[in-house]
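Data block for work-v8.cif (mmCIF, C-alpha atoms and all ligand atoms):
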```cif
data_input
#
loop_
_atom_site.label_atom_id
_atom_site.label_comp_id
_atom_site.auth_asym_id
_atom_site.auth_seq_id
_atom_site.Cartn_x
_atom_site.Cartn_y
_atom_site.Cartn_z
CA MET A 1 0.00 0.00 0.00
CA LEU A 2 1.18 3.52 -0.78
CA ARG A 3 0.35 6.40 1.54
CA PHE A 4 1.08 10.07 0.83
CA GLY A 5 1.74 12.13 3.95
CA GLU A 6 4.14 14.01 6.19
CA ALA A 7 7.37 12.52 7.47
CA ARG A 8 9.99 13.90 9.83
CA ASP A 9 12.91 15.67 8.09
CA PRO A 10 16.03 13.48 8.16
CA SER A 11 19.27 15.05 9.39
CA PRO A 12 22.69 14.08 8.02
CA GLY A 13 25.13 12.22 10.25
CA PRO A 14 28.95 12.31 9.96
CA GLY A 15 30.06 11.89 6.35
CA GLU A 16 26.51 12.31 5.03
CA ALA A 17 24.78 14.89 2.88
CA LEU A 18 21.15 15.91 3.08
CA VAL A 19 19.78 15.82 -0.48
CA ARG A 20 16.77 17.85 -1.50
CA VAL A 21 15.15 15.41 -3.92
CA ARG A 22 14.12 17.05 -7.19
CA THR A 23 13.20 13.92 -9.14
CA CYS A 24 12.96 10.19 -8.48
CA GLY A 25 12.52 7.48 -11.09
CA VAL A 26 9.77 4.87 -10.67
CA CYS A 27 11.14 1.35 -10.93
CA TYR A 28 9.38 -2.01 -11.06
CA HIS A 29 11.24 -2.71 -7.81
CA ASP A 30 9.02 -0.02 -6.24
CA VAL A 31 5.88 -1.82 -7.44
CA LEU A 32 7.12 -5.06 -5.85
CA MET A 33 7.91 -3.15 -2.65
CA ARG A 34 4.36 -1.77 -2.60
CA GLN A 35 2.98 -5.26 -3.17
CA GLY A 36 4.92 -6.55 -0.15
CA LYS A 37 7.00 -8.99 -2.22
CA TYR A 38 10.22 -8.35 -0.24
CA ARG A 39 10.19 -9.97 3.20
CA ASP A 40 13.33 -8.19 4.43
CA VAL A 41 11.76 -4.71 4.35
CA ARG A 42 10.85 -2.93 7.58
CA LEU A 43 7.69 -0.84 7.33
CA PRO A 44 6.79 1.94 7.03
CA ARG A 45 9.39 2.72 4.39
CA ILE A 46 9.81 5.68 2.01
CA ILE A 47 10.50 3.86 -1.25
CA GLY A 48 12.43 5.03 -4.34
CA HIS A 49 16.09 4.50 -5.28
CA GLU A 50 16.53 6.58 -8.46
CA VAL A 51 17.22 10.01 -7.08
CA ALA A 52 18.49 13.28 -8.52
CA GLY A 53 18.63 16.28 -6.22
CA GLU A 54 20.54 19.19 -4.76
CA VAL A 55 22.80 19.10 -1.74
CA ALA A 56 20.75 20.90 0.93
CA CYS A 57 23.26 20.69 3.78
CA LEU A 58 26.28 18.69 4.85
CA GLY A 59 26.84 16.65 7.98
CA PRO A 60 30.18 16.73 9.89
CA ASP A 61 33.38 15.54 8.16
CA VAL A 62 32.31 16.04 4.55
CA SER A 63 34.63 17.44 1.90
CA GLY A 64 34.41 17.72 -1.87
CA LEU A 65 30.73 18.72 -2.00
CA GLU A 66 28.98 22.05 -1.64
CA VAL A 67 25.46 23.09 -0.81
CA GLY A 68 23.56 23.49 -4.09
CA ASP A 69 25.54 20.85 -6.02
CA ARG A 70 23.37 18.81 -8.41
CA VAL A 71 23.90 15.18 -7.51
CA LEU A 72 22.77 11.66 -8.37
CA VAL A 73 22.26 9.17 -5.54
CA PRO A 74 23.35 5.66 -6.56
CA THR A 75 21.06 2.64 -6.32
CA TRP A 76 23.45 1.02 -3.83
CA LEU A 77 25.02 3.00 -1.03
CA SER A 78 28.43 2.01 0.27
CA CYS A 79 29.53 2.79 3.83
CA GLY A 80 31.08 6.19 3.01
CA VAL A 81 33.77 5.97 5.69
CA CYS A 82 36.21 3.14 4.81
CA ALA A 83 39.45 3.82 2.92
CA HIS A 84 37.94 2.66 -0.41
CA CYS A 85 34.91 4.92 0.02
CA GLN A 86 37.13 7.87 0.96
CA GLU A 87 38.95 7.32 -2.35
CA ARG A 88 35.52 7.22 -4.07
CA GLN A 89 36.11 3.59 -5.04
CA ASN A 90 32.68 2.75 -3.69
CA GLU A 91 32.50 -0.52 -5.61
CA LEU A 92 35.42 -1.87 -3.51
CA CYS A 93 33.70 -1.13 -0.17
CA GLU A 94 33.52 -4.31 1.89
CA ALA A 95 30.55 -3.25 4.02
CA PRO A 96 27.21 -4.67 2.84
CA GLY A 97 25.57 -2.31 0.32
CA ARG A 98 22.31 -0.62 1.32
CA MET A 99 19.58 0.22 -1.14
CA PRO A 100 17.83 3.53 -0.54
CA GLY A 101 14.09 3.02 -0.57
CA HIS A 102 14.52 -0.60 0.49
CA ASP A 103 16.99 -0.94 3.37
CA GLU A 104 16.50 2.67 4.41
CA ASP A 105 14.25 5.60 3.47
CA GLY A 106 14.60 6.71 -0.14
CA GLY A 107 13.50 9.14 -2.78
CA TYR A 108 9.68 9.37 -2.82
CA ALA A 109 10.24 12.34 -0.53
CA GLU A 110 11.46 15.92 -0.48
CA LEU A 111 14.57 15.12 1.55
CA MET A 112 16.85 12.13 2.06
CA CYS A 113 20.32 11.45 3.47
CA ALA A 114 23.17 9.58 1.81
CA PRO A 115 26.93 9.17 2.37
CA ALA A 116 28.57 12.12 0.62
CA THR A 117 31.24 9.97 -1.04
CA CYS A 118 28.48 8.02 -2.86
CA LEU A 119 27.09 11.08 -4.64
CA THR A 120 27.95 11.95 -8.24
CA ARG A 121 27.77 15.53 -9.43
CA PHE A 122 26.21 16.30 -12.82
CA PRO A 123 26.00 19.47 -14.90
CA GLU A 124 22.99 21.72 -15.54
CA SER A 125 22.87 20.53 -19.15
CA ILE A 126 21.10 17.39 -17.91
CA PRO A 127 17.56 18.39 -16.89
CA TRP A 128 16.13 17.11 -13.60
CA ASP A 129 13.65 14.68 -15.12
CA GLN A 130 16.29 13.06 -17.34
CA ALA A 131 18.75 12.89 -14.44
CA ALA A 132 16.49 10.51 -12.50
CA ALA A 133 16.65 8.03 -15.39
CA LEU A 134 20.41 7.64 -14.85
CA PRO A 135 21.09 5.97 -11.44
CA CYS A 136 19.12 2.78 -12.11
CA ALA A 137 17.66 2.57 -15.62
CA ALA A 138 20.65 3.81 -17.63
CA ALA A 139 23.40 2.67 -15.23
CA THR A 140 22.08 -0.90 -14.94
CA ALA A 141 21.68 -1.09 -18.73
CA LEU A 142 25.27 0.12 -19.20
CA GLU A 143 26.65 -2.44 -16.75
CA ALA A 144 24.69 -5.23 -18.46
CA VAL A 145 25.66 -4.23 -22.01
CA ARG A 146 29.28 -3.17 -21.48
CA GLY A 147 30.27 -5.11 -18.36
CA VAL A 148 28.32 -8.36 -18.08
CA ALA A 149 27.54 -9.13 -21.72
CA GLY A 150 30.62 -7.36 -23.10
CA VAL A 151 28.79 -6.28 -26.25
CA LYS A 152 31.19 -5.49 -29.09
CA PRO A 153 31.13 -4.87 -32.85
CA GLY A 154 29.96 -7.99 -34.66
CA ASP A 155 27.47 -8.94 -31.93
CA SER A 156 23.78 -9.21 -32.60
CA VAL A 157 21.78 -8.23 -29.52
CA LEU A 158 18.17 -8.96 -28.63
CA VAL A 159 16.76 -6.48 -26.08
CA THR A 160 13.50 -7.68 -24.53
CA GLY A 161 11.10 -5.19 -22.96
CA ALA A 162 12.89 -2.70 -25.16
CA GLY A 163 10.33 0.07 -24.61
CA GLY A 164 10.68 0.02 -20.81
CA GLY A 165 13.02 2.06 -18.63
CA LEU A 166 15.87 -0.44 -18.86
CA GLY A 167 15.19 -1.43 -22.47
CA VAL A 168 15.28 2.03 -24.04
CA HIS A 169 18.76 2.55 -22.63
CA ALA A 170 19.98 -1.02 -23.35
CA THR A 171 18.88 -0.55 -26.98
CA GLN A 172 20.88 2.66 -27.39
CA LEU A 173 23.93 1.31 -25.54
CA SER A 174 24.04 -1.95 -27.52
CA ARG A 175 24.05 0.09 -30.71
CA LEU A 176 26.69 2.42 -29.25
CA HIS A 177 28.93 -0.59 -28.58
CA GLY A 178 28.75 -1.56 -32.22
CA ALA A 179 26.11 -4.31 -32.23
CA ARG A 180 23.20 -4.95 -34.55
CA VAL A 181 20.12 -4.54 -32.34
CA ILE A 182 16.81 -6.39 -32.38
CA ALA A 183 14.35 -4.72 -30.02
CA SER A 184 11.36 -6.67 -28.75
CA THR A 185 8.21 -5.07 -27.35
CA THR A 186 4.56 -6.03 -26.89
CA SER A 187 3.40 -2.49 -27.73
CA LYS A 188 3.00 -1.64 -31.42
CA HIS A 189 3.12 2.12 -30.82
CA LYS A 190 6.71 1.79 -29.49
CA ALA A 191 8.15 0.34 -32.71
CA GLN A 192 8.95 3.63 -34.44
CA LEU A 193 10.31 5.13 -31.22
CA LEU A 194 12.69 2.17 -30.85
CA GLU A 195 13.90 2.56 -34.42
CA ASP A 196 14.57 6.21 -33.65
CA LEU A 197 16.79 5.06 -30.76
CA GLY A 198 18.87 2.92 -33.09
CA ALA A 199 17.15 -0.48 -33.17
CA ASP A 200 17.89 -2.17 -36.52
CA HIS A 201 14.78 -4.33 -36.21
CA VAL A 202 11.74 -4.22 -33.93
CA ILE A 203 9.68 -7.32 -33.15
CA CYS A 204 6.18 -6.50 -31.84
CA GLY A 205 4.16 -9.18 -30.12
CA PRO A 206 3.98 -11.72 -27.31
CA ALA A 207 6.84 -14.01 -26.26
CA GLU A 208 5.43 -17.01 -28.15
CA GLY A 209 6.64 -16.00 -31.60
CA LEU A 210 9.77 -14.18 -30.44
CA ALA A 211 12.45 -16.86 -30.95
CA LYS A 212 11.11 -17.68 -34.40
CA SER A 213 11.22 -14.02 -35.44
CA VAL A 214 14.75 -13.63 -34.07
CA LYS A 215 15.93 -16.70 -35.96
CA ALA A 216 14.35 -15.34 -39.16
CA LEU A 217 16.29 -12.08 -38.74
CA THR A 218 19.62 -13.81 -38.06
CA GLY A 219 19.78 -16.35 -40.88
CA GLY A 220 18.55 -19.11 -38.55
CA THR A 221 21.44 -18.86 -36.07
CA GLY A 222 20.03 -16.62 -33.34
CA VAL A 223 21.62 -13.67 -31.57
CA THR A 224 24.97 -13.67 -29.80
CA VAL A 225 23.62 -11.64 -26.85
CA VAL A 226 20.29 -11.15 -25.09
CA ILE A 227 19.76 -8.26 -22.70
CA GLU A 228 16.76 -9.65 -20.82
CA CYS A 229 14.86 -6.72 -19.35
CA VAL A 230 11.54 -8.48 -18.69
CA GLY A 231 12.35 -11.63 -16.79
CA THR A 232 10.02 -14.58 -16.51
CA ALA A 233 7.59 -13.80 -19.36
CA THR A 234 10.27 -13.75 -22.05
CA PHE A 235 13.00 -15.84 -20.44
CA GLU A 236 12.36 -19.08 -22.32
CA ALA A 237 11.98 -17.28 -25.67
CA SER A 238 15.20 -15.39 -24.99
CA LEU A 239 17.07 -18.60 -24.29
CA ARG A 240 15.79 -20.11 -27.55
CA SER A 241 16.81 -16.93 -29.40
CA LEU A 242 20.50 -17.35 -28.49
CA ALA A 243 23.06 -18.66 -30.96
CA ALA A 244 25.63 -21.26 -29.85
CA GLU A 245 28.01 -19.74 -27.25
CA GLY A 246 25.47 -16.96 -26.76
CA ARG A 247 25.31 -14.97 -23.56
CA MET A 248 22.38 -13.52 -21.68
CA ALA A 249 22.50 -10.66 -19.20
CA LEU A 250 19.45 -10.73 -16.97
CA ILE A 251 18.43 -7.40 -15.48
CA GLY A 252 14.64 -7.39 -15.26
CA ALA A 253 13.74 -10.48 -13.27
CA VAL A 254 13.31 -9.29 -9.70
CA SER A 255 9.81 -10.63 -9.01
CA GLY A 256 10.87 -13.97 -7.52
CA ASP A 257 8.88 -16.01 -10.07
CA THR A 258 10.36 -19.21 -11.50
CA VAL A 259 11.04 -20.29 -15.09
CA PRO A 260 11.49 -23.75 -16.65
CA ILE A 261 15.00 -24.47 -17.92
CA LYS A 262 16.31 -27.46 -19.86
CA PRO A 263 19.92 -27.74 -18.65
CA ALA A 264 20.78 -29.69 -21.81
CA VAL A 265 20.14 -26.57 -23.90
CA LEU A 266 22.72 -24.65 -21.85
CA VAL A 267 25.24 -27.48 -22.13
CA LEU A 268 24.83 -28.35 -25.78
CA LYS A 269 24.82 -24.72 -26.95
CA ASP A 270 27.53 -23.53 -24.49
CA LEU A 271 25.28 -20.73 -23.25
CA THR A 272 26.08 -18.28 -20.47
CA ILE A 273 23.39 -16.70 -18.31
CA SER A 274 24.50 -13.91 -15.98
CA GLY A 275 22.41 -11.87 -13.59
CA CYS A 276 23.29 -8.22 -13.11
CA SER A 277 22.17 -6.19 -10.10
CA ARG A 278 25.12 -3.81 -10.34
CA GLN A 279 25.28 -0.43 -12.00
CA ALA A 280 28.04 1.13 -14.06
CA ARG A 281 29.85 4.09 -12.50
CA LEU A 282 27.53 7.07 -12.59
CA THR A 283 30.37 9.30 -13.79
CA ASP A 284 30.53 7.10 -16.93
CA VAL A 285 26.77 7.43 -17.46
CA VAL A 286 26.89 11.20 -16.99
CA ASP A 287 29.78 11.45 -19.50
CA LEU A 288 27.79 9.48 -22.11
CA VAL A 289 24.82 11.80 -21.70
CA VAL A 290 26.90 15.00 -21.78
CA SER A 291 28.70 13.85 -24.94
CA GLY A 292 25.36 13.11 -26.63
CA SER A 293 26.02 9.36 -26.93
CA LEU A 294 23.09 8.38 -24.68
CA ARG A 295 19.65 9.98 -24.51
CA PRO A 296 17.87 9.52 -21.17
CA ILE A 297 14.30 8.58 -22.11
CA VAL A 298 11.51 9.82 -19.86
CA SER A 299 7.89 9.14 -20.73
CA ARG A 300 6.02 11.03 -18.04
CA THR A 301 6.79 13.30 -15.14
CA LEU A 302 4.25 13.26 -12.32
CA GLY A 303 4.02 14.92 -8.89
CA LEU A 304 5.07 13.10 -5.74
CA ASN A 305 1.38 12.98 -4.76
CA GLU A 306 0.67 11.06 -7.99
CA ALA A 307 2.90 8.10 -7.14
CA ALA A 308 -0.07 5.73 -7.24
CA GLU A 309 -0.87 6.83 -10.80
CA ALA A 310 2.81 6.38 -11.72
CA HIS A 311 2.68 2.78 -10.45
CA ARG A 312 -0.54 2.16 -12.38
CA LEU A 313 1.08 3.47 -15.58
CA LEU A 314 4.20 1.35 -15.03
CA GLU A 315 2.18 -1.81 -14.41
CA SER A 316 0.10 -1.17 -17.57
CA ARG A 317 3.38 -1.08 -19.59
CA GLU A 318 1.92 1.76 -21.67
CA SER A 319 4.76 4.17 -21.17
CA PHE A 320 7.96 4.44 -23.23
CA GLY A 321 11.04 4.89 -21.04
CA ARG A 322 11.15 5.93 -17.39
CA ILE A 323 8.30 7.46 -15.41
CA ILE A 324 9.58 10.15 -13.07
CA LEU A 325 8.21 11.71 -9.89
CA GLN A 326 8.98 15.36 -9.28
CA THR A 327 8.85 17.05 -5.87
ZN ZN B 401 15.38 0.97 -10.19
ZN ZN B 402 33.10 1.73 2.40
#
```
Write-out of the structure in C-alpha cells:
Amino acid sequence: MLRFGEARDPSPGPGEALVRVRTCGVCYHDVLMRQGKYRDVRLPRIIGHEVAGEVACLGPDVSGLEVGDRVLVPTWLSCGVCAHCQERQNELCEAPGRMPGHDEDGGYAELMCAPATCLTRFPESIPWDQAAALPCAAATALEAVRGVAGVKPGDSVLVTGAGGGLGVHATQLSRLHGARVIASTTSKHKAQLLEDLGADHVICGPAEGLAKSVKALTGGTGVTVVIECVGTATFEASLRSLAAEGRMALIGAVSGDTVPIKPAVLVLKDLTISGCSRQARLTDVVDLVVSGSLRPIVSRTLGLNEAAEAHRLLESRESFGRIILQT
C-alpha cells in the first residue's frame, strides 16, 4: 500500500549529505515493494532509489561537496567511511551495500540522506527529469551491455522489454557498442520510437513468436547476446533466441517467479546466463549523456502525490522509457 503524507525531516550524520530530492525514477522494484514482495523490508518505508537532487546541507566531516551541487544518488550505497569509500572507489567497499528506498528511506520524498562519497555531481545541461533516469535505468543497462555481456562490434543483440526504462537505454547502448540490435516489445506504438533510438529491427508481439522471429532475422542462427529486461515472461523465448556460445544478461527479473529451464540446452549450446544487479559508475553514465552518446528517455513526469498513478502506468506497460516523480 502507498500512503502520501508528512514525514519527519532526516538530518545528516557524519560523512553524510542531506539531499533535496528534485526527481525520483519509478522502478518495477518499487511496485514489488508496494505489493509486499520483499520480506526483508521494515515498514513503514519511504521507497524510491533513483534520485536526482541538490545538496541541501552537509553533515560533519564532509569534503568535496557544496550546498547546491546537483547530484545523483546511486542505487546502492556504500559505507562512506572506509578507505575505499574515501577514495571514491565505492565498488570496492567491503561493508554490505544498502539500497535507498529498500533498506532505508529513499527518494519518494522531499529530503533524504546519503553518504557524501556516494554522490555523483552532474551538470545543468542534464535536466532534472532526465537525471532521474540515470542511477538505475541507464546505469544498470550500461553495466549489463558493457560489463556483463561485453557487447562489441559484430554482436547481434536482442533487447526484450525494449520500450521500458531499462530497455530504451539497453537498446541505445548496444548500438553504441557496435552491435546490430533487435528490439522486442509487446506495444505496437513503441516500434517507431525504438527505431529512432537505433534499433535495426523491432519485433512487436507476445513471447510465443519471439524466438522464431529472431531466428528469421539472423539467418537461422540466433543472436549472440540477449539483454533480458523483462524476466520470466520472455526468459524461455530469450534462451531459444540465443546462438551457440550466446550470452544472456538478466536485469529485469526481480519478481521472484520461477522459469522452466532445460539444462541440456545450456550445455549443448555452451550458453552463459548472468544476472546483473550492479550499475556502471555514474560518472561514466553522466559522461555518455553529456557527450550526446546516450539519450535519457523519460515518458512522463508526475508529482510526488501522484505516485499511485505512476505505479498504475508502469504496471500497464503503456509508457515508453522511465516514469519520473517530481517534488
Ligand atoms: Zn530501479
Ligand atoms: Zn566503504
*Between A:Val214, A:Ala109, A:Ala233, A:Cys93, which is the closest to Val259 of chain A once you count all atoms listed in the file?*
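Comparing A:Val214, A:Ala109, A:Ala233, A:Cys93 against Val259 of chain A, the winner is A:Ala233.
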*asked:* Just checking: using all atoms listed in the file, which residue out of A:Leu166, A:Val21, A:Ala237, A:Leu58 ends up closest to ligand ZN 401 (chain B)?
replied: A:Leu166
*Given the choices A:Ile46, A:Leu239, A:Val254, A:Ala114, which gets closest to Pro12 of chain A if the distance is worked out from only C-alpha atoms?*
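For Pro12 of chain A, the nearest of the given residues is A:Ala114.
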*Measuring atom to atom with all atoms listed in the file, identify which of A:Leu325, A:Pro127, A:Val71, A:Ala308 is nearest to Arg34 of chain A.*
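The answer is A:Ala308, which sits nearest to Arg34 of chain A.
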_Hey, which residues sit close to ligand ZN 401 (chain B)? Say within 8 Å, counting all atoms listed in the file, and write them as a ChimeraX atom specification._
/A:25-30,48-50,75,135-137
List every residue of segment 58-176 of chain A that has an atom at most 7 Å from any atom of segment 283-291 of chain A, and for each one report the closest atom pair and its distance in Å to one decimal, counting only C-alpha atoms, with rows sorted by chain and then by increasing residue number, as a Markdown table.
```
| residue | atom | partner | partner_atom | distance |
| --- | --- | --- | --- | --- |
| A:Thr120 | CA | A:Thr283 | CA | 6.6 |
| A:Phe122 | CA | A:Val286 | CA | 6.6 |
| A:Leu134 | CA | A:Val285 | CA | 6.9 |
| A:Ala139 | CA | A:Val285 | CA | 6.2 |
```
*Could you check which of A:Arg300, A:Lys37, A:Arg70, A:Arg98 is closest to ligand ZN 402 (chain B), using all atoms listed in the file?*
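Of all the options, A:Arg98 lies closest to ligand ZN 402 (chain B).
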*Residues at most 12 Å from Leu266 of chain A, counting all atoms listed in the file, excluding those fewer than 2 positions away in the same chain, as a list in words?*
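Those residues are Glu236, Leu239, Arg240, Leu242, Ala243, Ala244, Glu245, Gly246, Arg247, Met248, Ile261, Lys262, Pro263, Ala264, Leu268, Lys269, Asp270, Leu271, Thr272 and Ile273 of chain A.
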*asked:* Just want the residues within 10 Å of ligand ZN 402 (chain B), written as a PyMOL selection string, counting all atoms listed in the file.
replied: chain A and resi 77-97+115+117-118
_Length of the atom CA of Lys212 of chain A to atom CA of Thr234 of chain A vector [Å]_ = 13.0 Å
*asked:* For a quick check of understanding, using all atoms listed in the file, which of A:Cys276, A:Ala191, A:Ile297, A:Leu111 has the smallest distance to Glu6 of chain A?
replied: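 With all atoms listed in the file as the atom set, the closest residue is A:Leu111.
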*Enter the distance from atom CA of Pro206 of chain A to atom CA of Ser184 of chain A, in Å, rounded to one decimal.*
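Separation between atom CA of Pro206 of chain A and atom CA of Ser184 of chain A: 9.1 Å.
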*How far is it from atom CA of Glu208 of chain A to atom CA of Asp257 of chain A, in Å with one decimal?*
18.4 Å
_Report as a VMD selection string all protein, DNA and RNA residues lying within 12 Å of Ile227 of chain A, evaluated on only C-alpha atoms, omitting residues in the same chain fewer than 5 positions from it._
chain A and resid 140 to 151 156 to 162 166 to 174 181 to 184 234 to 235 238 to 239 241 to 242 246 to 253 273 to 276
Grab all the atoms of segment 265-276 of chain A that the file lists, wrap them in a box along x, y and z, add 3 Å per side, and give me centre plus edge lengths in Å (one decimal) as lines of an AutoDock Vina configuration file.
```
center_x = 23.8
center_y = -18.3
center_z = -20.0
size_x = 13.4
size_y = 26.1
size_z = 19.8
```
*Would you kindly return, as JSON, numbers by chain, each protein, DNA or RNA residue with an atom no farther than 8 Å from any atom of segment 18-20 of chain A, considering all atoms listed in the file and excluding same-chain residues fewer than 3 positions away?*
{"A": [10, 11, 12, 53, 54, 55, 56, 57, 58, 59, 110, 111, 112, 113, 114]}
